[in-house]
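A.B. asks: Hey, dropping query.tsv in here, TSV, C-alpha atoms:
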```tsv
chain	number	residue	atom	x	y	z
A	1	MET	CA	-61.74	69.34	21.75
A	2	PRO	CA	-61.25	65.88	23.31
A	3	THR	CA	-57.90	64.89	24.80
A	4	LEU	CA	-55.88	63.53	21.89
A	5	LYS	CA	-53.67	60.45	21.96
A	6	LEU	CA	-49.91	60.94	21.67
A	7	SER	CA	-49.90	59.22	18.29
A	8	THR	CA	-52.37	61.81	16.98
A	9	LEU	CA	-50.32	64.69	18.38
A	10	ALA	CA	-47.23	63.28	16.68
A	11	ALA	CA	-48.90	62.63	13.33
A	12	GLN	CA	-50.31	66.17	13.21
A	13	ALA	CA	-47.23	67.86	14.74
A	14	LEU	CA	-49.50	69.20	17.50
A	15	GLY	CA	-52.00	70.38	14.88
A	16	TRP	CA	-49.82	73.31	13.84
A	17	VAL	CA	-51.09	75.36	10.87
A	18	GLU	CA	-49.05	78.19	9.33
A	19	SER	CA	-51.01	81.40	9.93
A	20	THR	CA	-50.45	83.16	6.60
A	21	THR	CA	-50.81	80.42	3.97
A	22	ARG	CA	-52.64	77.84	6.15
A	23	SER	CA	-49.94	75.30	5.24
A	24	LEU	CA	-50.18	72.02	7.15
A	25	VAL	CA	-46.46	71.34	6.72
A	26	PRO	CA	-44.33	73.50	9.03
A	27	PRO	CA	-41.89	75.70	7.09
A	28	ILE	CA	-38.15	76.08	7.66
A	29	TYR	CA	-37.03	79.37	9.19
A	30	PRO	CA	-33.37	79.78	8.17
A	31	SER	CA	-32.91	83.35	9.42
A	32	ALA	CA	-30.10	83.98	11.88
A	33	PRO	CA	-31.09	87.56	12.88
A	34	TYR	CA	-34.51	88.91	13.84
A	35	GLU	CA	-35.63	92.54	13.55
A	36	ARG	CA	-35.88	94.78	16.58
A	37	ALA	CA	-38.58	97.38	17.05
A	38	ALA	CA	-37.67	101.04	17.40
A	39	ASP	CA	-37.57	100.70	21.17
A	40	GLY	CA	-35.09	97.80	20.97
A	41	THR	CA	-37.56	95.05	21.81
A	42	TYR	CA	-38.25	91.97	19.70
A	43	PRO	CA	-41.96	91.97	18.78
A	44	GLY	CA	-41.60	88.59	17.05
A	45	GLY	CA	-40.29	86.98	20.24
A	46	HIS	CA	-36.95	85.91	18.72
A	47	THR	CA	-33.52	87.49	19.00
A	48	TYR	CA	-30.88	85.28	17.36
A	49	THR	CA	-30.90	81.72	16.02
A	50	ARG	CA	-28.39	80.47	18.59
A	51	ASP	CA	-30.97	81.23	21.28
A	52	GLN	CA	-34.24	80.40	19.56
A	53	THR	CA	-35.73	79.77	16.15
A	54	PRO	CA	-39.31	78.77	15.25
A	55	THR	CA	-38.18	75.64	13.40
A	56	TYR	CA	-36.70	73.87	16.37
A	57	GLU	CA	-39.26	75.29	18.77
A	58	GLN	CA	-41.93	73.29	16.91
A	59	ALA	CA	-39.99	70.04	17.28
A	60	GLU	CA	-39.24	70.84	20.93
A	61	ALA	CA	-42.90	71.46	21.71
A	62	LEU	CA	-43.88	68.13	20.18
A	63	LEU	CA	-41.15	66.20	22.01
A	64	ALA	CA	-42.08	67.80	25.35
A	65	GLN	CA	-45.68	66.67	24.83
A	66	LEU	CA	-44.64	63.13	23.89
A	67	GLU	CA	-42.44	62.78	26.99
A	68	GLY	CA	-44.90	64.51	29.32
A	69	GLY	CA	-42.33	67.18	30.21
A	70	GLN	CA	-42.59	70.91	30.81
A	71	ASP	CA	-40.00	71.80	28.18
A	72	ALA	CA	-37.56	70.33	25.68
A	73	MET	CA	-34.35	71.47	24.01
A	74	LEU	CA	-32.75	70.27	20.79
A	75	PHE	CA	-28.98	69.98	20.37
A	76	SER	CA	-26.54	69.46	17.55
A	77	SER	CA	-25.99	65.81	18.58
A	78	GLY	CA	-26.81	63.32	21.30
A	79	MET	CA	-23.36	63.89	22.78
A	80	ALA	CA	-23.98	67.65	22.87
A	81	ALA	CA	-27.17	67.00	24.83
A	82	ALA	CA	-25.51	64.56	27.24
A	83	THR	CA	-22.42	66.68	27.91
A	84	THR	CA	-24.58	69.76	28.51
A	85	VAL	CA	-26.17	67.98	31.48
A	86	PHE	CA	-22.77	67.29	33.03
A	87	GLU	CA	-21.57	70.83	32.35
A	88	THR	CA	-24.23	72.06	34.79
A	89	LEU	CA	-22.33	70.34	37.62
A	90	ASP	CA	-19.84	72.10	39.86
A	91	VAL	CA	-16.25	70.92	40.29
A	92	GLY	CA	-16.12	67.93	42.62
A	93	ASP	CA	-19.78	66.94	42.30
A	94	HIS	CA	-20.32	63.20	42.49
A	95	VAL	CA	-21.87	61.28	39.59
A	96	LEU	CA	-23.11	57.69	39.42
A	97	ALA	CA	-23.15	56.01	36.01
A	98	PRO	CA	-23.97	52.45	34.90
A	99	GLU	CA	-21.38	49.88	33.86
A	100	GLN	CA	-23.11	49.30	30.54
A	101	MET	CA	-23.90	52.46	28.62
A	102	TYR	CA	-23.19	54.23	25.35
A	103	TRP	CA	-19.41	54.04	25.16
A	104	THR	CA	-18.75	57.64	24.04
A	105	VAL	CA	-20.59	59.05	27.06
A	106	ARG	CA	-18.78	56.56	29.30
A	107	SER	CA	-15.37	57.54	27.87
A	108	TRP	CA	-16.17	61.23	28.21
A	109	LEU	CA	-17.19	60.78	31.86
A	110	HIS	CA	-13.99	58.94	32.72
A	111	ASN	CA	-11.99	61.68	31.00
A	112	LEU	CA	-13.89	64.31	32.98
A	113	ALA	CA	-13.23	62.47	36.23
A	114	GLY	CA	-9.56	61.98	35.33
A	115	ARG	CA	-9.15	65.74	35.02
A	116	GLY	CA	-10.67	66.28	38.46
A	117	ARG	CA	-13.77	67.91	37.05
A	118	ILE	CA	-16.20	65.48	38.71
A	119	GLU	CA	-16.07	62.49	41.03
A	120	LEU	CA	-17.36	59.36	39.33
A	121	ASP	CA	-18.46	55.91	40.47
A	122	VAL	CA	-19.79	53.18	38.24
A	123	VAL	CA	-22.42	50.67	39.40
A	124	PRO	CA	-23.95	47.60	37.74
A	125	ASN	CA	-27.03	48.41	35.66
A	126	GLY	CA	-30.22	47.99	37.65
A	127	ASP	CA	-28.48	46.96	40.90
A	128	LEU	CA	-30.44	48.95	43.46
A	129	ASP	CA	-28.37	47.75	46.43
A	130	ALA	CA	-25.18	48.89	44.69
A	131	LEU	CA	-26.84	52.20	43.97
A	132	ARG	CA	-27.74	52.71	47.65
A	133	THR	CA	-24.19	51.87	48.70
A	134	ALA	CA	-22.54	54.18	46.18
A	135	LEU	CA	-24.79	57.20	46.78
A	136	ARG	CA	-23.29	60.01	48.86
A	137	PRO	CA	-26.06	62.11	50.41
A	138	ARG	CA	-25.80	65.78	49.43
A	139	THR	CA	-22.64	65.06	47.38
A	140	THR	CA	-24.05	62.84	44.65
A	141	LYS	CA	-25.72	65.29	42.31
A	142	LEU	CA	-26.58	63.12	39.33
A	143	VAL	CA	-27.50	59.49	38.66
A	144	TRP	CA	-27.28	58.57	34.98
A	145	VAL	CA	-29.53	55.75	33.77
A	146	GLU	CA	-29.57	54.08	30.37
A	147	THR	CA	-32.44	51.66	29.83
A	148	PRO	CA	-32.44	49.56	27.75
A	149	ALA	CA	-28.66	49.81	27.70
A	150	ASN	CA	-26.64	49.81	24.51
A	151	PRO	CA	-25.72	47.15	23.41
A	152	SER	CA	-26.56	44.68	26.18
A	153	GLY	CA	-30.25	45.54	26.64
A	154	ALA	CA	-29.70	45.77	30.41
A	155	ILE	CA	-32.76	47.17	32.20
A	156	THR	CA	-32.92	49.59	35.13
A	157	ASP	CA	-36.01	50.15	37.27
A	158	ILE	CA	-36.52	53.89	36.74
A	159	ALA	CA	-39.12	54.42	39.47
A	160	ALA	CA	-37.08	52.61	42.14
A	161	THR	CA	-33.89	54.38	41.07
A	162	ALA	CA	-35.58	57.78	41.23
A	163	GLU	CA	-36.95	57.10	44.71
A	164	ILE	CA	-33.53	56.09	46.04
A	165	ALA	CA	-31.65	58.92	44.30
A	166	HIS	CA	-34.09	61.64	45.30
A	167	ALA	CA	-33.89	60.58	48.94
A	168	ALA	CA	-30.16	61.30	48.76
A	169	GLY	CA	-30.67	64.64	47.00
A	170	ALA	CA	-29.55	63.47	43.56
A	171	ARG	CA	-31.20	64.08	40.19
A	172	VAL	CA	-31.94	61.24	37.77
A	173	VAL	CA	-31.26	61.54	34.06
A	174	VAL	CA	-32.41	58.75	31.76
A	175	ASP	CA	-30.96	58.08	28.34
A	176	GLY	CA	-34.17	57.00	26.61
A	177	THR	CA	-32.71	56.64	23.12
A	178	LEU	CA	-33.48	52.93	22.68
A	179	ALA	CA	-37.03	53.16	24.03
A	180	THR	CA	-38.37	56.54	22.83
A	181	PRO	CA	-41.54	57.91	24.45
A	182	VAL	CA	-43.53	55.37	22.42
A	183	LEU	CA	-42.28	52.51	24.63
A	184	CYS	CA	-41.32	54.23	27.89
A	185	ARG	CA	-41.85	57.67	29.46
A	186	PRO	CA	-39.20	58.10	32.19
A	187	LEU	CA	-40.54	61.40	33.53
A	188	ALA	CA	-43.79	59.70	34.49
A	189	LEU	CA	-41.69	57.19	36.46
A	190	GLY	CA	-39.88	59.87	38.47
A	191	ALA	CA	-36.90	60.86	36.33
A	192	ASP	CA	-35.89	64.51	36.28
A	193	LEU	CA	-34.52	64.66	32.73
A	194	VAL	CA	-34.65	62.49	29.63
A	195	MET	CA	-31.88	62.54	27.05
A	196	HIS	CA	-32.16	61.29	23.48
A	197	SER	CA	-29.76	60.79	20.66
A	198	ALA	CA	-32.42	62.04	18.27
A	199	THR	CA	-30.25	60.80	15.40
A	200	LYS	CA	-31.73	57.38	16.15
A	201	GLN	CA	-35.42	56.43	16.34
A	202	LEU	CA	-36.81	59.91	17.03
A	203	ASN	CA	-35.74	60.91	13.54
A	204	GLY	CA	-35.79	57.36	12.23
A	205	HIS	CA	-34.41	57.94	8.73
A	206	SER	CA	-30.64	58.02	9.33
A	207	ASP	CA	-30.29	61.49	7.81
A	208	VAL	CA	-30.06	63.78	10.86
A	209	LEU	CA	-27.46	64.26	13.60
A	210	ALA	CA	-29.35	65.61	16.63
A	211	GLY	CA	-29.82	65.35	20.37
A	212	ALA	CA	-32.53	66.35	22.83
A	213	LEU	CA	-33.24	66.92	26.50
A	214	VAL	CA	-36.69	66.98	28.09
A	215	THR	CA	-37.27	68.16	31.65
A	216	ALA	CA	-39.94	67.36	34.19
A	217	ASN	CA	-39.61	70.87	35.65
A	218	GLU	CA	-38.34	74.20	34.35
A	219	ASP	CA	-36.06	74.75	37.34
A	220	ALA	CA	-32.65	76.33	37.90
A	221	VAL	CA	-30.81	73.31	36.49
A	222	TRP	CA	-32.87	73.50	33.31
A	223	GLU	CA	-32.07	77.18	32.93
A	224	ARG	CA	-28.41	76.32	33.32
A	225	CYS	CA	-28.77	73.73	30.55
A	226	ARG	CA	-30.33	76.40	28.34
A	227	HIS	CA	-27.50	78.80	29.14
A	228	GLU	CA	-24.89	76.12	28.31
A	229	ARG	CA	-26.54	75.32	24.99
A	230	ALA	CA	-26.67	78.95	23.89
A	231	TYR	CA	-23.19	79.94	25.00
A	232	ARG	CA	-21.50	76.80	23.63
A	233	GLY	CA	-23.47	77.06	20.40
A	234	ALA	CA	-24.63	73.44	20.61
A	235	VAL	CA	-27.85	74.15	18.70
A	236	LEU	CA	-29.48	72.24	15.89
A	237	GLY	CA	-29.73	73.86	12.47
A	238	PRO	CA	-33.13	74.82	11.03
A	239	PHE	CA	-33.07	72.20	8.24
A	240	GLU	CA	-32.09	69.40	10.62
A	241	SER	CA	-34.83	70.52	13.03
A	242	TRP	CA	-37.35	70.36	10.19
A	243	LEU	CA	-36.21	66.85	9.22
A	244	LEU	CA	-36.45	65.73	12.85
A	245	LEU	CA	-39.99	67.07	13.17
A	246	ARG	CA	-40.93	65.28	9.97
A	247	GLY	CA	-39.45	62.04	11.31
A	248	MET	CA	-41.29	62.27	14.63
A	249	ARG	CA	-44.63	62.45	12.82
A	250	THR	CA	-44.31	58.73	11.95
A	251	LEU	CA	-42.80	57.71	15.30
A	252	PHE	CA	-45.82	55.74	16.45
A	253	LEU	CA	-45.79	53.68	13.25
A	254	ARG	CA	-42.05	53.02	13.03
A	255	VAL	CA	-41.18	52.20	16.64
A	256	PRO	CA	-43.78	49.46	17.23
A	257	ALA	CA	-43.02	47.95	13.81
A	258	ALA	CA	-39.29	47.80	14.53
A	259	ALA	CA	-39.89	46.45	18.05
A	260	GLN	CA	-42.18	43.72	16.71
A	261	ASN	CA	-39.54	42.72	14.15
A	262	ALA	CA	-36.84	42.77	16.84
A	263	GLN	CA	-38.87	40.43	19.04
A	264	ARG	CA	-39.23	37.96	16.15
A	265	VAL	CA	-35.52	38.21	15.30
A	266	ALA	CA	-34.50	37.66	18.93
A	267	GLU	CA	-36.72	34.60	19.22
A	268	ALA	CA	-35.30	33.18	15.97
A	269	LEU	CA	-31.73	33.68	17.19
A	270	THR	CA	-32.40	31.63	20.33
A	271	ARG	CA	-32.93	28.62	18.05
A	272	GLN	CA	-29.57	28.96	16.30
A	273	PRO	CA	-26.88	26.43	17.40
A	274	ALA	CA	-24.06	28.90	16.68
A	275	VAL	CA	-25.54	31.49	19.06
A	276	THR	CA	-24.58	31.18	22.73
A	277	GLU	CA	-26.64	34.08	24.12
A	278	VAL	CA	-29.30	36.49	22.89
A	279	LEU	CA	-29.50	39.82	24.71
A	280	TYR	CA	-32.96	41.31	24.33
A	281	PRO	CA	-35.28	42.40	27.17
A	282	GLY	CA	-38.31	41.04	25.34
A	283	LEU	CA	-37.14	37.47	25.94
A	284	PRO	CA	-38.46	35.85	29.15
A	285	HIS	CA	-34.99	34.64	30.19
A	286	HIS	CA	-33.48	38.16	30.03
A	287	PRO	CA	-32.63	39.27	33.61
A	288	GLY	CA	-34.44	42.57	33.12
A	289	HIS	CA	-37.54	41.15	31.45
A	290	ALA	CA	-39.89	41.57	34.43
A	291	VAL	CA	-38.92	45.20	35.03
A	292	ALA	CA	-39.01	45.97	31.31
A	293	THR	CA	-42.50	44.50	31.05
A	294	ARG	CA	-43.64	46.72	33.91
A	295	GLN	CA	-42.17	50.04	32.70
A	296	MET	CA	-42.34	49.60	28.92
A	297	SER	CA	-45.39	49.15	26.72
A	298	GLY	CA	-45.76	48.25	23.06
A	299	GLY	CA	-42.43	46.47	22.73
A	300	PHE	CA	-38.86	46.31	23.97
A	301	GLY	CA	-36.94	48.31	21.39
A	302	MET	CA	-35.13	47.69	18.13
A	303	VAL	CA	-31.69	46.60	19.38
A	304	VAL	CA	-30.92	42.88	19.58
A	305	SER	CA	-27.42	41.69	20.50
A	306	PHE	CA	-26.15	38.13	20.38
A	307	ARG	CA	-22.96	36.22	21.10
A	308	LEU	CA	-21.39	33.51	18.99
A	309	ARG	CA	-19.46	30.32	19.39
A	310	GLY	CA	-16.08	30.89	17.80
A	311	GLY	CA	-15.38	34.31	19.27
A	312	ALA	CA	-14.37	37.38	17.28
A	313	ASP	CA	-13.51	35.36	14.15
A	314	ALA	CA	-17.04	33.96	14.02
A	315	ALA	CA	-18.50	37.43	14.55
A	316	ARG	CA	-16.51	38.82	11.62
A	317	GLN	CA	-17.56	35.88	9.45
A	318	VAL	CA	-21.26	36.43	10.15
A	319	VAL	CA	-21.05	40.16	9.46
A	320	GLY	CA	-19.41	39.45	6.12
A	321	ALA	CA	-22.08	36.90	5.16
A	322	LEU	CA	-25.14	39.06	5.91
A	323	LYS	CA	-26.85	40.54	2.85
A	324	VAL	CA	-29.99	42.30	4.14
A	325	PHE	CA	-28.45	43.64	7.35
A	326	ARG	CA	-25.97	46.38	6.41
A	327	ASN	CA	-22.64	46.61	8.24
A	328	ALA	CA	-22.71	50.14	9.63
A	329	THR	CA	-22.56	52.16	12.84
A	330	SER	CA	-25.76	53.68	14.27
A	331	LEU	CA	-29.22	52.36	15.00
A	332	GLY	CA	-32.88	53.28	14.95
A	333	GLY	CA	-33.36	53.83	11.23
A	334	VAL	CA	-35.92	52.17	9.01
A	335	GLU	CA	-33.16	49.94	7.62
A	336	SER	CA	-31.57	47.04	9.54
A	337	LEU	CA	-27.91	47.29	10.52
A	338	VAL	CA	-25.32	44.96	12.06
A	339	GLU	CA	-22.15	45.93	13.88
A	340	HIS	CA	-19.29	44.01	15.46
A	341	ARG	CA	-19.32	46.36	18.38
A	342	ALA	CA	-16.15	45.68	20.42
A	343	PRO	CA	-13.62	46.72	17.72
A	344	VAL	CA	-15.54	49.96	17.21
A	345	GLU	CA	-15.29	50.84	20.90
A	346	GLY	CA	-11.59	49.96	21.03
A	347	ARG	CA	-9.20	48.73	23.67
A	348	ASP	CA	-11.13	49.89	26.75
A	349	THR	CA	-14.46	48.33	25.76
A	350	ASN	CA	-16.40	46.07	28.13
A	351	VAL	CA	-18.37	44.57	25.22
A	352	PRO	CA	-17.54	40.88	24.55
A	353	ARG	CA	-15.48	40.28	21.42
A	354	ASP	CA	-17.98	37.70	20.17
A	355	LEU	CA	-20.98	40.06	20.31
A	356	LEU	CA	-22.86	41.40	17.31
A	357	ARG	CA	-25.38	44.23	17.68
A	358	LEU	CA	-28.38	44.39	15.41
A	359	SER	CA	-30.49	47.47	14.84
A	360	VAL	CA	-33.70	45.95	13.50
A	361	GLY	CA	-35.61	48.02	10.98
A	362	ILE	CA	-39.05	47.80	9.43
A	363	GLU	CA	-38.34	45.42	6.52
A	364	ASP	CA	-40.28	42.18	6.15
A	365	VAL	CA	-39.23	40.16	9.17
A	366	GLU	CA	-39.03	36.91	7.19
A	367	ASP	CA	-36.29	38.48	5.06
A	368	LEU	CA	-34.40	39.49	8.19
A	369	VAL	CA	-34.65	36.06	9.80
A	370	SER	CA	-33.67	34.28	6.58
A	371	ASP	CA	-30.64	36.53	6.21
A	372	LEU	CA	-29.45	35.68	9.71
A	373	GLU	CA	-30.09	31.97	9.20
A	374	GLN	CA	-28.01	31.79	6.02
A	375	ALA	CA	-25.16	33.73	7.62
A	376	LEU	CA	-25.13	31.52	10.73
A	377	MET	CA	-25.54	28.19	8.95
A	378	PRO	CA	-21.79	27.61	8.26
A	379	LEU	CA	-21.07	27.96	12.00
A	380	ALA	CA	-23.65	25.37	13.11
```
Let me see the structure of the file written as structure tokens.

C.D. replies:
Amino acid sequence: MPTLKLSTLAAQALGWVESTTRSLVPPIYPSAPYERAADGTYPGGHTYTRDQTPTYEQAEALLAQLEGGQDAMLFSSGMAAATTVFETLDVGDHVLAPEQMYWTVRSWLHNLAGRGRIELDVVPNGDLDALRTALRPRTTKLVWVETPANPSGAITDIAATAEIAHAAGARVVVDGTLATPVLCRPLALGADLVMHSATKQLNGHSDVLAGALVTANEDAVWERCRHERAYRGAVLGPFESWLLLRGMRTLFLRVPAAAQNAQRVAEALTRQPAVTEVLYPGLPHHPGHAVATRQMSGGFGMVVSFRLRGGADAARQVVGALKVFRNATSLGGVESLVEHRAPVEGRDTNVPRDLLRLSVGIEDVEDLVSDLEQALMPLA
């Protein structure tokens, strides 16, 4: 058997065939308990659904292959996956996080630090000098990276960050939600763990709440993550696991299509008089474009953000005028969404009030561009 491309592995779900019926579509295993043998062992290899179930093991095996990791774990949400990583830390451990990142993780980290659970410093995304300065050898245990960042598209050099962090004894965890393994594989660049909000492009159909972690090595920290997942019950249900596996089978069709549309949308927005700034790493003027070009392939993701003349009032006006883009929270589905992000994040946000975030889907790109043009025309 020749070495298969990742797109083939995804499309065929690793070539799995059900042994009894020879079904090519993996079944759902809803059982919570599993039968013991007379001697108390588990001949089927499963004990209880909170610890393992065949349905999510299939999706985990595929995701581990796609990311080039030794193992993967699914969680009940992206936040469950992210917080599990931080729960492996001891009291007083030092964490470095980026200024621009998913706001719920950022808020949770500040809350954790405020309760004395961890020590936290925040550094500008991609600023390697600031990273070197903030690192505390043997005390900094974790460097969190989000690239591209949500919603700014800020880019961090994963390989350089990993080299600096590892020299100080810290682990590197990359939130790869906006890239997916189709566009970037952080473990190959030196990261220790990759986290995904699998709700987004991994599933791709806006009908699953899920999270995932993938590890470069099955070490003691990974075993602690597994222990935390089981004991906190942060597992994904069998039906959701099945939907996620189904979604990942079209990953290599959906992600490049959305990224190609996003590039076209971003370029069109740069020509709009009402737009003051377009934030997308695929544009040559984006400050992270050179690094993104080096560590990403096949596109720069589906999220395009832009700022407007006229501030928050103009942003609200444009959202109300859009017809093809739907006004909703989330991203990474096949449909295109728009969100006035700052009000969603609330008082402590660092997102500009005049910024709109687009999640570009796989519709005809001419329809998407025309929709934006008609909504922006009154502001010109």

A.B. asks: So that I can see what lies close to Ala134 in chain A, please list as a list in words the residues with an atom at most 8 Å from it, counting all atoms listed in the file and leaving out residues fewer than 3 positions away in the same chain.

C.D. replies: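 With the cut-off at 8 Å, the set is Leu96, Asp121, Val123, Ala130 and Leu131 of chain A.
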
A.B. asks: Residues as selected, C-alpha atoms, written as a CSV table (one decimal), in the coordinates of the input, can you do that?

C.D. replies:
```
chain,number,residue,atom,x,y,z
A,96,LEU,CA,-23.1,57.7,39.4
A,121,ASP,CA,-18.5,55.9,40.5
A,123,VAL,CA,-22.4,50.7,39.4
A,130,ALA,CA,-25.2,48.9,44.7
A,131,LEU,CA,-26.8,52.2,44.0
```

A.B. asks: If I take CA of Leu120 in chain A and CA of Asp93 in chain A, how far is one from the other in Å, to one decimal?

C.D. replies: 8.5 Å

A.B. asks: Taking only C-alpha atoms into account, which of A:Ser23, A:Ser76, A:Ser31, A:Thr133 comes nearest Thr47 in chain A?

C.D. replies: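 Selected residue with least distance to Thr47 in chain A: A:Ser31.
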
A.B. asks: Do a neighbour search on range 210-225 of chain A at 8 Å with only C-alpha atoms, toss out local chain neighbours closer than 3 positions, and write the hits as a compact mmCIF listing (two decimals) with C-alpha atoms, in the coordinates of the input.

C.D. replies:
```txt
# COMPACT_ATOMS: atom_id res chain seq x y z
CA LEU A 63 -41.15 66.20 22.01
CA ALA A 64 -42.08 67.80 25.35
CA GLU A 67 -42.44 62.78 26.99
CA GLY A 68 -44.90 64.51 29.32
CA GLY A 69 -42.33 67.18 30.21
CA GLN A 70 -42.59 70.91 30.81
CA ASP A 71 -40.00 71.80 28.18
CA ALA A 72 -37.56 70.33 25.68
CA MET A 73 -34.35 71.47 24.01
CA LEU A 74 -32.75 70.27 20.79
CA PHE A 75 -28.98 69.98 20.37
CA SER A 76 -26.54 69.46 17.55
CA SER A 77 -25.99 65.81 18.58
CA GLY A 78 -26.81 63.32 21.30
CA MET A 79 -23.36 63.89 22.78
CA ALA A 80 -23.98 67.65 22.87
CA ALA A 81 -27.17 67.00 24.83
CA THR A 84 -24.58 69.76 28.51
CA VAL A 85 -26.17 67.98 31.48
CA GLU A 87 -21.57 70.83 32.35
CA THR A 88 -24.23 72.06 34.79
CA LEU A 187 -40.54 61.40 33.53
CA ALA A 191 -36.90 60.86 36.33
CA ASP A 192 -35.89 64.51 36.28
CA LEU A 193 -34.52 64.66 32.73
CA VAL A 194 -34.65 62.49 29.63
CA MET A 195 -31.88 62.54 27.05
CA HIS A 196 -32.16 61.29 23.48
CA SER A 197 -29.76 60.79 20.66
CA ALA A 198 -32.42 62.04 18.27
CA THR A 199 -30.25 60.80 15.40
CA GLU A 228 -24.89 76.12 28.31
CA ARG A 229 -26.54 75.32 24.99
CA LEU A 236 -29.48 72.24 15.89
CA GLU A 240 -32.09 69.40 10.62
```

A.B. asks: Hey, can you check how far CA of His94 in chain A sits from CA of Gly116 in chain A?

C.D. replies: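 Computing it gives 10.9 Å between the two atoms.
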
A.B. asks: Of the residues A:Pro26, A:Pro43, A:Gly126, A:Pro284, which is the one nearest to Asp157 in chain A, using only C-alpha atoms?

C.D. replies: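 Under the stated criterion, the closest residue is A:Gly126.
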
A.B. asks: When you draw a straight line from CA of Val344 in chain A to CA of Leu269 in chain A, how long is it in Å?

C.D. replies: 23.0 Å

A.B. asks: With only C-alpha atoms counted and 10 Å as the cut-off, give the residues of range 236-275 of chain A in contact with range 302-316 of chain A, each with its shortest interatomic distance in Å and the pair that gives it, as a Markdown table.

C.D. replies:
```
| residue | atom | partner | partner_atom | distance |
| --- | --- | --- | --- | --- |
| A:Val255 | CA | A:Met302 | CA | 7.7 |
| A:Pro256 | CA | A:Met302 | CA | 8.9 |
| A:Ala257 | CA | A:Met302 | CA | 9.0 |
| A:Ala258 | CA | A:Met302 | CA | 5.5 |
| A:Ala259 | CA | A:Met302 | CA | 4.9 |
| A:Gln260 | CA | A:Met302 | CA | 8.2 |
| A:Asn261 | CA | A:Met302 | CA | 7.7 |
| A:Ala262 | CA | A:Met302 | CA | 5.4 |
| A:Gln263 | CA | A:Met302 | CA | 8.2 |
| A:Val265 | CA | A:Val304 | CA | 7.8 |
| A:Ala266 | CA | A:Val304 | CA | 6.4 |
| A:Leu269 | CA | A:Phe306 | CA | 7.8 |
| A:Thr270 | CA | A:Phe306 | CA | 9.0 |
| A:Gln272 | CA | A:Leu308 | CA | 9.7 |
| A:Pro273 | CA | A:Arg309 | CA | 8.6 |
| A:Ala274 | CA | A:Arg309 | CA | 5.5 |
| A:Val275 | CA | A:Leu308 | CA | 4.6 |
```

A.B. asks: Limited to C-alpha atoms, could you put the picked residues into a file as a PDB file, in the frame of the given file?

C.D. replies:
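Output file result_19.pdb follows:
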```pdb
ATOM      1  CA  VAL A 255     -41.180  52.200  16.640  1.00  0.00           C
ATOM      2  CA  PRO A 256     -43.780  49.460  17.230  1.00  0.00           C
ATOM      3  CA  ALA A 257     -43.020  47.950  13.810  1.00  0.00           C
ATOM      4  CA  ALA A 258     -39.290  47.800  14.530  1.00  0.00           C
ATOM      5  CA  ALA A 259     -39.890  46.450  18.050  1.00  0.00           C
ATOM      6  CA  GLN A 260     -42.180  43.720  16.710  1.00  0.00           C
ATOM      7  CA  ASN A 261     -39.540  42.720  14.150  1.00  0.00           C
ATOM      8  CA  ALA A 262     -36.840  42.770  16.840  1.00  0.00           C
ATOM      9  CA  GLN A 263     -38.870  40.430  19.040  1.00  0.00           C
ATOM     10  CA  VAL A 265     -35.520  38.210  15.300  1.00  0.00           C
ATOM     11  CA  ALA A 266     -34.500  37.660  18.930  1.00  0.00           C
ATOM     12  CA  LEU A 269     -31.730  33.680  17.190  1.00  0.00           C
ATOM     13  CA  THR A 270     -32.400  31.630  20.330  1.00  0.00           C
ATOM     14  CA  GLN A 272     -29.570  28.960  16.300  1.00  0.00           C
ATOM     15  CA  PRO A 273     -26.880  26.430  17.400  1.00  0.00           C
ATOM     16  CA  ALA A 274     -24.060  28.900  16.680  1.00  0.00           C
ATOM     17  CA  VAL A 275     -25.540  31.490  19.060  1.00  0.00           C
TER      18      VAL A 275
END
```

A.B. asks: May I have the residues within 8 Å of range 364-371 of chain A as an MDAnalysis selection string, using only C-alpha atoms and disregarding those fewer than 6 positions away in the same chain?

C.D. replies: chainID A and resid 261 264:265 268 322:325

A.B. asks: May I have the residues within 9 Å of Leu243 in chain A as a list of chain:residue names, using all atoms listed in the file and disregarding those fewer than 6 positions away in the same chain?

C.D. replies: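 Counting all atoms listed in the file, the residues come to A:Asn203, A:Asp207, A:Val208.
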
A.B. asks: Can I get the selection written as a compact mmCIF listing (two decimals), in the frame of the given file, with C-alpha atoms?

C.D. replies:
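Saved result, again-v1.txt, follows:
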```txt
# COMPACT_ATOMS: atom_id res chain seq x y z
CA ASN A 203 -35.74 60.91 13.54
CA ASP A 207 -30.29 61.49 7.81
CA VAL A 208 -30.06 63.78 10.86
```

A.B. asks: Please determine, counting only C-alpha atoms, which residue among A:Ile155, A:Leu253, A:Leu245, A:Val334 has the shortest atom-to-atom distance to Trp16 in chain A.

C.D. replies: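 Under the stated criterion, the closest residue is A:Leu245.
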
A.B. asks: Rank nothing, just name the residue among A:Tyr48, A:Asn150, A:Ser297, A:Thr53 nearest to Arg185 in chain A, using only C-alpha atoms.

C.D. replies: A:Ser297
